[in-house]
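Shown below: my_file_22.txt, with compact mmCIF, C-alpha atoms.
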# COMPACT_ATOMS: atom_id res chain seq x y z
CA MET A 50 19.66 -16.88 11.24
CA ARG A 51 15.93 -16.17 11.09
CA VAL A 52 14.55 -15.96 7.55
CA VAL A 53 11.06 -15.01 6.36
CA ILE A 54 10.19 -16.33 2.91
CA LEU A 55 7.20 -14.94 1.02
CA GLY A 56 5.73 -17.31 -1.56
CA CYS A 57 5.53 -21.06 -1.17
CA GLY A 58 6.03 -22.16 -4.76
CA ARG A 59 8.84 -24.45 -5.84
CA VAL A 60 11.57 -21.92 -5.08
CA GLY A 61 10.14 -20.70 -1.78
CA SER A 62 9.41 -24.14 -0.38
CA THR A 63 12.72 -25.68 -1.48
CA LEU A 64 14.71 -22.76 -0.12
CA ALA A 65 12.81 -22.99 3.16
CA ALA A 66 13.54 -26.72 3.44
CA LEU A 67 17.24 -26.26 2.65
CA LEU A 68 17.66 -23.45 5.18
CA ALA A 69 15.77 -25.35 7.86
CA ARG A 70 17.92 -28.42 7.31
CA ALA A 71 21.00 -26.23 7.72
CA GLY A 72 19.70 -25.29 11.15
CA HIS A 73 18.15 -21.88 10.42
CA GLU A 74 14.85 -20.63 11.72
CA VAL A 75 12.46 -20.25 8.77
CA ALA A 76 8.88 -19.04 8.33
CA VAL A 77 7.02 -19.14 5.00
CA VAL A 78 4.11 -16.86 4.11
CA ASP A 79 1.67 -17.61 1.30
CA ARG A 80 -1.85 -16.34 0.64
CA ASP A 81 -3.01 -19.84 -0.22
CA GLN A 82 -3.09 -22.73 2.25
CA SER A 83 -2.97 -25.21 -0.66
CA ALA A 84 0.54 -23.95 -1.50
CA PHE A 85 1.72 -25.40 1.83
CA ASP A 86 -0.13 -28.69 1.21
CA LYS A 87 1.60 -29.01 -2.16
CA ALA A 88 4.98 -28.23 -0.59
CA ILE A 89 4.44 -31.04 1.93
CA GLN A 90 3.52 -33.43 -0.89
CA ARG A 91 6.68 -32.48 -2.78
CA LEU A 92 9.14 -32.28 0.08
CA GLY A 93 7.62 -34.56 2.72
CA SER A 94 9.06 -34.25 6.20
CA ASP A 95 11.74 -31.85 4.93
CA PHE A 96 9.00 -29.26 4.87
CA SER A 97 8.21 -29.14 8.57
CA ILE A 98 8.32 -25.37 8.70
CA GLU A 99 6.43 -22.53 10.35
CA THR A 100 3.76 -21.33 7.91
CA VAL A 101 1.53 -18.26 7.85
CA VAL A 102 -1.44 -17.84 5.53
CA GLY A 103 -1.55 -14.18 4.55
CA VAL A 104 -0.97 -11.56 1.90
CA GLY A 105 2.65 -10.50 1.55
CA ILE A 106 2.09 -6.78 1.69
CA ASP A 107 0.10 -7.13 4.92
CA GLU A 108 2.33 -6.06 7.77
CA ASP A 109 0.38 -8.16 10.26
CA ALA A 110 1.01 -11.34 8.27
CA LEU A 111 4.72 -10.50 8.11
CA ARG A 112 4.76 -9.79 11.85
CA GLN A 113 3.10 -13.12 12.51
CA ALA A 114 5.93 -14.73 10.55
CA GLY A 115 8.39 -13.07 12.92
CA ILE A 116 9.74 -10.42 10.57
CA GLU A 117 10.50 -8.12 13.50
CA ASN A 118 13.37 -10.39 14.55
CA ALA A 119 14.31 -11.61 11.09
CA ASP A 120 17.83 -11.42 9.72
CA ALA A 121 16.69 -11.86 6.14
CA PHE A 122 13.64 -11.64 3.90
CA VAL A 123 13.14 -13.32 0.53
CA GLY A 124 10.20 -12.47 -1.76
CA VAL A 125 9.52 -15.23 -4.28
CA THR A 126 5.81 -15.08 -5.11
CA SER A 127 4.82 -15.16 -8.79
CA GLY A 128 3.99 -11.46 -8.65
CA ASP A 129 6.86 -9.03 -9.25
CA ASN A 130 5.09 -6.14 -7.60
CA THR A 131 4.16 -8.16 -4.55
CA ASN A 132 7.80 -9.19 -4.10
CA ILE A 133 9.04 -5.63 -4.65
CA VAL A 134 6.58 -4.04 -2.24
CA ALA A 135 6.95 -6.74 0.43
CA ALA A 136 10.73 -6.43 0.26
CA GLN A 137 10.45 -2.67 0.68
CA ILE A 138 8.23 -3.19 3.72
CA ALA A 139 10.82 -5.58 5.16
CA ARG A 140 13.54 -3.03 4.60
CA HIS A 141 11.87 0.24 5.53
CA ARG A 142 9.25 -0.79 8.08
CA PHE A 143 11.03 -3.65 9.81
CA HIS A 144 14.67 -2.83 9.03
CA VAL A 145 15.53 -6.38 8.05
CA PRO A 146 19.27 -6.41 7.25
CA LYS A 147 19.18 -8.66 4.17
CA VAL A 148 16.30 -8.25 1.73
CA PHE A 149 15.93 -10.02 -1.62
CA ALA A 150 13.14 -10.04 -4.19
CA ARG A 151 12.77 -12.15 -7.29
CA VAL A 152 11.63 -9.93 -10.15
CA TYR A 153 10.85 -11.48 -13.52
CA ASP A 154 10.72 -8.19 -15.41
CA PRO A 155 14.37 -7.28 -16.11
CA ILE A 156 13.80 -3.54 -16.31
CA ARG A 157 11.85 -3.43 -13.08
CA ALA A 158 14.53 -5.58 -11.45
CA GLU A 159 17.13 -3.14 -12.66
CA ALA A 160 15.17 -0.10 -11.49
CA TYR A 161 14.91 -1.37 -7.92
CA ARG A 162 18.34 -2.99 -7.59
CA ASP A 163 20.71 -0.86 -5.55
CA ALA A 164 17.95 1.68 -4.98
CA ASP A 165 16.71 0.01 -1.83
CA ILE A 166 16.33 -3.73 -2.25
CA GLU A 167 18.35 -6.44 -3.87
CA THR A 168 16.51 -7.91 -6.83
CA ILE A 169 17.25 -11.20 -8.52
CA CYS A 170 16.11 -11.33 -12.12
CA THR A 171 15.72 -14.99 -13.00
CA THR A 172 14.62 -14.07 -16.52
CA ALA A 173 17.98 -12.48 -17.25
CA ILE A 174 19.90 -15.30 -15.54
CA VAL A 175 18.07 -18.22 -17.16
CA THR A 176 17.93 -16.73 -20.66
CA GLY A 177 21.61 -15.86 -20.37
CA ILE A 178 22.48 -19.43 -19.37
CA PHE A 179 20.47 -20.89 -22.25
CA GLN A 180 22.03 -18.47 -24.70
CA ASP A 181 25.56 -19.36 -23.59
CA LEU A 182 24.77 -23.09 -23.66
CA LEU A 183 23.24 -22.90 -27.13
CA LEU A 184 26.08 -20.82 -28.54
CA GLY A 185 28.76 -22.92 -26.85
CA HIS A 186 30.03 -20.06 -24.69
CA PRO A 187 31.39 -20.71 -21.21
CA LEU A 188 28.86 -20.12 -18.42
CA ARG A 189 29.23 -16.94 -16.41
CA HIS A 190 28.53 -15.84 -12.87
CA CYS A 191 24.83 -15.10 -12.35
CA THR A 192 25.45 -11.43 -11.54
CA GLU A 193 27.07 -11.04 -14.96
CA TYR A 194 23.84 -12.10 -16.63
CA MET A 195 22.00 -9.43 -14.69
CA GLU A 196 24.62 -6.87 -15.70
CA LEU A 197 23.58 -7.53 -19.30
CA ILE A 198 20.28 -5.76 -18.58
CA ARG A 199 22.10 -2.56 -17.76
CA GLU A 200 24.32 -2.85 -20.81
CA ASN A 201 21.56 -3.76 -23.28
CA PRO A 202 18.30 -2.43 -21.88
CA ASP A 203 16.60 -2.47 -25.28
CA LYS A 204 17.04 -6.24 -25.53
CA PHE A 205 15.09 -6.71 -22.32
CA GLY A 206 12.38 -4.12 -22.81
CA LYS A 207 12.64 -0.61 -24.10
CA ASP A 208 14.11 1.94 -21.75
CA SER A 209 13.84 5.70 -21.71
CA MET B 22 -1.63 18.74 -18.70
CA TYR B 23 -0.70 15.21 -19.77
CA VAL B 24 -2.06 12.59 -17.39
CA ILE B 25 -1.45 8.84 -17.57
CA VAL B 26 -4.11 6.76 -15.87
CA VAL B 27 -3.33 3.11 -15.07
CA GLY B 28 -6.30 0.78 -14.63
CA ALA B 29 -9.61 1.07 -16.50
CA GLY B 30 -11.96 -0.04 -13.76
CA LYS B 31 -14.78 2.25 -12.71
CA VAL B 32 -12.41 4.77 -11.12
CA GLY B 33 -10.07 4.84 -14.13
CA TYR B 34 -12.97 5.07 -16.56
CA TYR B 35 -14.71 8.02 -14.96
CA LEU B 36 -11.44 9.76 -14.16
CA THR B 37 -10.33 9.52 -17.80
CA ARG B 38 -13.70 10.74 -19.05
CA GLN B 39 -13.60 13.72 -16.72
CA LEU B 40 -10.03 14.64 -17.60
CA LEU B 41 -10.75 14.40 -21.34
CA ALA B 42 -13.88 16.51 -20.93
CA GLU B 43 -11.80 19.19 -19.25
CA GLY B 44 -9.44 19.27 -22.20
CA HIS B 45 -6.47 17.40 -20.77
CA GLU B 46 -4.38 14.97 -22.73
CA VAL B 47 -4.91 11.51 -21.26
CA THR B 48 -3.69 7.98 -21.85
CA LEU B 49 -5.50 5.18 -20.05
CA ILE B 50 -3.58 1.91 -19.74
CA GLU B 51 -5.50 -1.32 -19.14
CA ARG B 52 -4.22 -4.88 -19.02
CA ASP B 53 -7.46 -6.58 -20.06
CA SER B 54 -7.80 -6.36 -23.87
CA ALA B 55 -11.52 -7.23 -23.81
CA ARG B 56 -12.14 -4.25 -21.56
CA VAL B 57 -10.07 -2.01 -23.80
CA GLY B 58 -12.11 -3.24 -26.79
CA ARG B 59 -15.33 -2.15 -25.10
CA LEU B 60 -13.95 1.31 -24.26
CA LYS B 61 -12.17 1.89 -27.58
CA SER B 62 -15.18 3.48 -29.30
CA GLU B 63 -15.44 6.06 -26.54
CA PHE B 64 -11.76 6.79 -25.86
CA GLY B 65 -10.11 6.01 -29.22
CA ASP B 66 -6.35 6.47 -29.06
CA ALA B 67 -6.56 7.59 -25.45
CA ILE B 68 -6.80 3.97 -24.30
CA VAL B 69 -4.10 1.34 -24.81
CA VAL B 70 -3.74 -2.32 -23.90
CA GLY B 71 -0.78 -3.11 -21.69
CA ASP B 72 0.61 -3.78 -18.26
CA GLY B 73 1.07 -0.32 -16.77
CA CYS B 74 3.92 -1.65 -14.61
CA GLU B 75 6.00 -2.61 -17.66
CA VAL B 76 8.66 -0.11 -18.58
CA ARG B 77 8.13 -0.73 -22.29
CA VAL B 78 4.47 0.19 -22.00
CA MET B 79 5.27 3.22 -19.85
CA HIS B 80 7.83 4.33 -22.40
CA ASP B 81 5.48 3.85 -25.36
CA VAL B 82 2.80 6.06 -23.85
CA GLY B 83 5.33 8.80 -23.14
CA MET B 84 5.65 8.50 -19.38
CA GLY B 85 8.76 10.67 -19.60
CA ARG B 86 6.73 13.73 -20.59
CA ALA B 87 3.72 13.09 -18.33
CA ASP B 88 2.82 15.76 -15.78
CA CYS B 89 0.97 13.32 -13.59
CA VAL B 90 0.35 9.60 -13.26
CA ALA B 91 -2.75 8.23 -11.54
CA ALA B 92 -2.50 4.56 -10.54
CA VAL B 93 -6.04 3.40 -9.85
CA THR B 94 -6.05 -0.38 -10.28
CA GLY B 95 -7.65 -2.63 -7.69
CA HIS B 96 -4.26 -3.85 -6.49
CA ASP B 97 -2.30 -1.74 -4.03
CA GLU B 98 1.06 -3.32 -4.86
CA ASP B 99 0.57 -2.53 -8.55
CA ASN B 100 -0.46 1.06 -7.82
CA LEU B 101 2.57 1.49 -5.60
CA VAL B 102 5.02 0.14 -8.17
CA VAL B 103 3.50 2.20 -11.01
CA CYS B 104 3.93 5.36 -8.93
CA GLN B 105 7.45 4.48 -7.80
CA MET B 106 8.56 3.67 -11.35
CA ALA B 107 6.99 6.89 -12.64
CA LYS B 108 8.71 8.88 -9.92
CA ARG B 109 12.15 7.27 -9.94
CA HIS B 110 12.58 6.06 -13.47
CA PHE B 111 10.63 8.63 -15.49
CA LEU B 112 10.82 11.59 -13.07
CA VAL B 113 7.08 12.28 -13.40
CA PRO B 114 6.42 15.26 -11.11
CA ARG B 115 3.13 14.06 -9.58
CA GLN B 116 1.99 10.58 -8.70
CA VAL B 117 -1.46 9.90 -7.31
CA ALA B 118 -2.31 6.43 -6.05
CA ARG B 119 -5.59 4.77 -5.22
CA VAL B 120 -5.34 2.83 -1.98
CA ASN B 121 -7.77 -0.09 -1.89
CA ASN B 122 -7.04 -1.34 1.60
CA PRO B 123 -7.04 1.68 3.94
CA LYS B 124 -4.52 -0.17 6.09
CA ASN B 125 -1.97 0.35 3.30
CA GLU B 126 -2.17 4.13 3.26
CA GLY B 127 0.77 4.51 5.65
CA LEU B 128 2.77 2.12 3.54
CA PHE B 129 2.44 4.34 0.45
CA HIS B 130 3.69 7.32 2.43
CA LEU B 131 6.53 5.29 3.92
CA LEU B 132 7.62 4.27 0.43
CA GLY B 133 7.58 7.80 -0.95
CA ILE B 134 4.13 8.11 -2.53
CA ASN B 135 2.39 10.92 -0.70
CA GLU B 136 -0.73 11.61 -2.72
CA THR B 137 -3.09 8.77 -1.96
CA VAL B 138 -6.83 8.42 -2.25
CA SER B 139 -8.60 5.77 -0.24
CA SER B 140 -12.26 5.64 -1.18
CA THR B 141 -12.95 3.20 1.64
CA ALA B 142 -11.53 5.62 4.21
CA ILE B 143 -13.37 8.59 2.70
CA ILE B 144 -16.74 6.80 2.70
CA TYR B 145 -16.11 5.49 6.21
CA ASN B 146 -15.38 8.99 7.51
CA LEU B 147 -18.48 10.38 5.79
CA ILE B 148 -20.63 7.70 7.40
CA GLU B 149 -19.03 8.39 10.77
CA GLN B 150 -19.77 12.09 10.47
CA GLU B 151 -23.33 11.47 9.34
CA VAL B 152 -24.01 9.26 12.33
CA GLU B 153 -22.65 11.82 14.75
CA THR B 154 -23.92 15.08 13.32
CA GLY B 155 -24.58 17.88 15.71
CA GLU B 156 -23.10 16.71 18.93
CA ALA B 157 -19.76 15.29 17.94
CA LEU B 158 -17.47 16.23 15.13
CA PHE B 159 -14.74 14.01 13.83
CA PHE B 160 -12.08 16.62 13.28
CA SER B 161 -9.00 15.12 11.90
CA ALA B 162 -6.89 12.01 11.93
CA LEU B 163 -3.28 12.29 13.00
CA LYS B 164 -0.45 9.80 12.92
CA ARG B 165 -1.96 8.09 9.88
CA GLY B 166 -5.28 7.62 11.58
CA ASN B 167 -3.93 6.27 14.86
CA ILE B 168 -4.87 9.42 16.75
CA VAL B 169 -8.08 11.39 16.23
CA ILE B 170 -9.12 14.82 17.37
CA VAL B 171 -12.68 15.03 18.55
CA ALA B 172 -14.69 18.16 19.28
CA VAL B 173 -18.05 18.05 21.06
CA GLU B 174 -20.45 20.74 22.18
CA LEU B 175 -22.05 20.14 25.55
CA THR B 176 -25.78 20.57 25.99
CA GLU B 177 -27.90 20.72 29.17
CA ASP B 178 -28.44 16.97 28.84
CA SER B 179 -24.77 16.08 28.43
CA PRO B 180 -23.46 13.92 31.29
CA ALA B 181 -20.36 16.11 31.60
CA ALA B 182 -22.27 19.41 31.85
CA GLY B 183 -21.89 20.95 35.32
CA LYS B 184 -19.09 18.56 36.33
CA THR B 185 -15.42 19.27 36.86
CA VAL B 186 -12.92 17.42 34.67
CA GLN B 187 -11.92 15.40 37.76
CA GLN B 188 -15.48 14.14 38.15
CA ILE B 189 -15.71 12.75 34.62
CA SER B 190 -14.43 9.26 34.08
CA LEU B 191 -12.50 9.43 30.83
CA PRO B 192 -11.39 6.36 28.90
CA GLY B 193 -7.75 5.28 29.14
CA GLU B 194 -6.10 6.67 26.03
CA CYS B 195 -7.41 10.18 25.72
CA VAL B 196 -6.56 13.72 26.74
CA LEU B 197 -8.74 16.81 26.97
CA ALA B 198 -6.84 19.42 25.01
CA ALA B 199 -9.01 22.51 25.24
CA VAL B 200 -12.30 23.85 26.51
CA ILE B 201 -13.87 26.69 24.57
CA HIS B 202 -16.19 28.73 26.79
CA GLU B 203 -17.87 31.78 25.23
CA ASP B 204 -15.05 32.34 22.74
CA HIS B 205 -12.34 31.89 25.38
CA ILE B 206 -9.96 29.01 25.01
CA MET B 207 -8.99 27.37 28.28
CA LEU B 208 -6.53 24.64 29.05
CA PRO B 209 -8.60 22.26 31.16
CA GLY B 210 -7.30 21.19 34.57
CA GLY B 211 -8.88 18.81 37.05
CA ALA B 212 -10.87 21.62 38.69
CA THR B 213 -12.16 23.10 35.42
CA ARG B 214 -15.95 22.93 35.42
CA LEU B 215 -17.60 22.12 32.10
CA ARG B 216 -20.84 23.86 31.27
CA ALA B 217 -23.57 23.51 28.69
CA GLY B 218 -22.57 25.38 25.54
CA ASP B 219 -18.87 24.68 26.04
CA THR B 220 -16.99 23.03 23.22
CA VAL B 221 -14.57 20.39 24.46
CA VAL B 222 -11.69 19.29 22.26
CA GLY B 223 -10.10 15.94 23.02
CA VAL B 224 -7.40 13.78 21.51
CA ALA B 225 -7.93 10.01 21.58
CA THR B 226 -7.06 6.74 19.93
CA PRO B 227 -9.68 5.56 17.41
CA GLY B 228 -10.62 2.79 19.85
CA ASP B 229 -11.37 5.23 22.66
CA GLN B 230 -12.99 8.06 20.71
CA MET B 231 -16.52 6.72 21.15
CA ALA B 232 -15.99 6.27 24.88
CA LEU B 233 -14.65 9.83 25.09
CA ARG B 234 -17.75 11.15 23.35
CA ALA B 235 -19.99 9.08 25.56
CA ALA B 236 -18.31 10.46 28.69
CA LEU B 237 -18.83 14.02 27.50
CA VAL B 238 -22.14 14.07 25.63
CA GLY B 239 -23.59 10.59 26.15
CA PRO B 240 -23.72 7.70 23.70
CA ALA B 241 -24.07 8.55 19.99
CA GLN B 242 -27.48 7.94 18.49
CA PRO B 243 -28.16 7.05 14.88
CA PRO B 244 -29.60 9.96 12.88
CA ALA B 245 -33.03 8.35 12.47
CA SER B 246 -33.81 8.17 16.17
CA ARG B 247 -32.45 11.67 16.68
CA GLN B 248 -34.80 12.98 14.01
CA SER B 249 -37.82 11.40 15.63
CA ALA B 250 -36.71 12.74 19.00
CA ALA B 251 -36.48 16.21 17.48
CA GLY B 252 -39.88 15.79 15.86
CA GLY B 253 -41.51 14.70 19.10

Written as structure tokens, that's how I'd like the structure from this file.
Amino acid sequence: MRVVILGCGRVGSTLAALLARAGHEVAVVDRDQSAFDKAIQRLGSDFSIETVVGVGIDEDALRQAGIENADAFVGVTSGDNTNIVAAQIARHRFHVPKVFARVYDPIRAEAYRDADIETICTTAIVTGIFQDLLLGHPLRHCTEYMELIRENPDKFGKDS
Amino acid sequence: MYVIVVGAGKVGYYLTRQLLAEGHEVTLIERDSARVGRLKSEFGDAIVVGDGCEVRVMHDVGMGRADCVAAVTGHDEDNLVVCQMAKRHFLVPRQVARVNNPKNEGLFHLLGINETVSSTAIIYNLIEQEVETGEALFFSALKRGNIVIVAVELTEDSPAAGKTVQQISLPGECVLAAVIHEDHIMLPGGATRLRAGDTVVGVATPGDQMALRAALVGPAQPPASRQSAAGG
């Protein structure tokens, strides 16, 4: 499988290293060369991965990372909107079959999920886990935590 | 009309001022509280601090009853998401987006936001037209700017005047679409002879449009040298 990962923070770099070790073809895009240097410091030789310095919503940068032949795209920069827009480019411009975006804002994650890209709201997942741990409840499947946004939108940010 | 403007940079500031002056109801949303503080005395309740991409903020300013949203921040991804959220989530009838990088204009259209304003592209086109006044007219951009229509009027001095289409060496990616001779429109063939006073309409890629002009009317000159030529 060929995977393009946007954002070389802790999540992006670790995911890239894990996928590469499992034999997949991976390219990572980040606007900042120092993000790659840090990833190498953290992960050492595990991070011997194709890298592209570029902005995620720039189609040329994504092309350089081989998005035209990619089977999957993952957007994990720190910017929700960058991840959302880049994932939409992957889906609608390059017709990448599997497209995921991390979105911190639960309501925005909810608004884009199902619509055209798959969003992963780590805010909902992590707060849900902490809540269950603190209250002594059994842990749930991560999608259940994201379902909570739909059920209780006002707890995650007021909805219309 | 109720308009929500996102981003209080220069564009957002003047846009809000203009809309208020014309009697519209406006809310300007700006993330930077220091900036909002400076504009508060002028705009009062019409300016609020907040991230215009946040649903809570959108809800609080009444996005649901807005007639139009104008996303004019300096970040294209933010402008795109504001417009998409306004359209999909709040069913705002009109969304207008500022496009900072002209390269992204097609992207906005692809992702469902059709009213875009790219000041860079507008200024660029104005400069282009200014440089080529008189002889060559940049008509229109098709296919999101990948194809341009060019119209030129031949003069006695034009290299193509008096030649047949066959005799002119045209650049690779261009087609002559029409020749207008004394109010008659002709479809040019290889044997069509071009004459001074004819208007020639061609279709070309942006990369070849200058070469097309040069083949028809000679290389473009900057306005300054043309003025002095006219004066002398």

Which neighbours of Val152 (chain A) fall inside 9 Å, counting only C-alpha atoms, when residues of the same chain fewer than 4 positions from it are skipped, and could you give them as a VMD selection string?
-> chain A and resid 124 to 125 127 to 130 132 to 133 157 to 158 168 to 172

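When CA of Ser179 (chain B) is paired with CA of Arg214 (chain B), their separation reads 13.2 Å.
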
From the set A:Thr63, A:Thr176, A:Thr192, A:Gln137, which residue has the shortest atom-to-atom contact distance to Gly133 (chain B), counting all atoms listed in the file?
-> A:Gln137

Kindly determine which residues of chain A lie within 12 Å of chain B, considering all atoms listed in the file, and give the answer as a PyMOL selection string.
-> chain A and resi 104-109+128-143+152-161+164-165+202-209

Starting from the point (3.5, 11.7, -2.9), work out which residues of protein, DNA or RNA have an atom no more than 10 Å away when counting all atoms listed in the file; state them as a PyMOL selection string.
-> chain B and resi 104-105+108+114-118+129-137
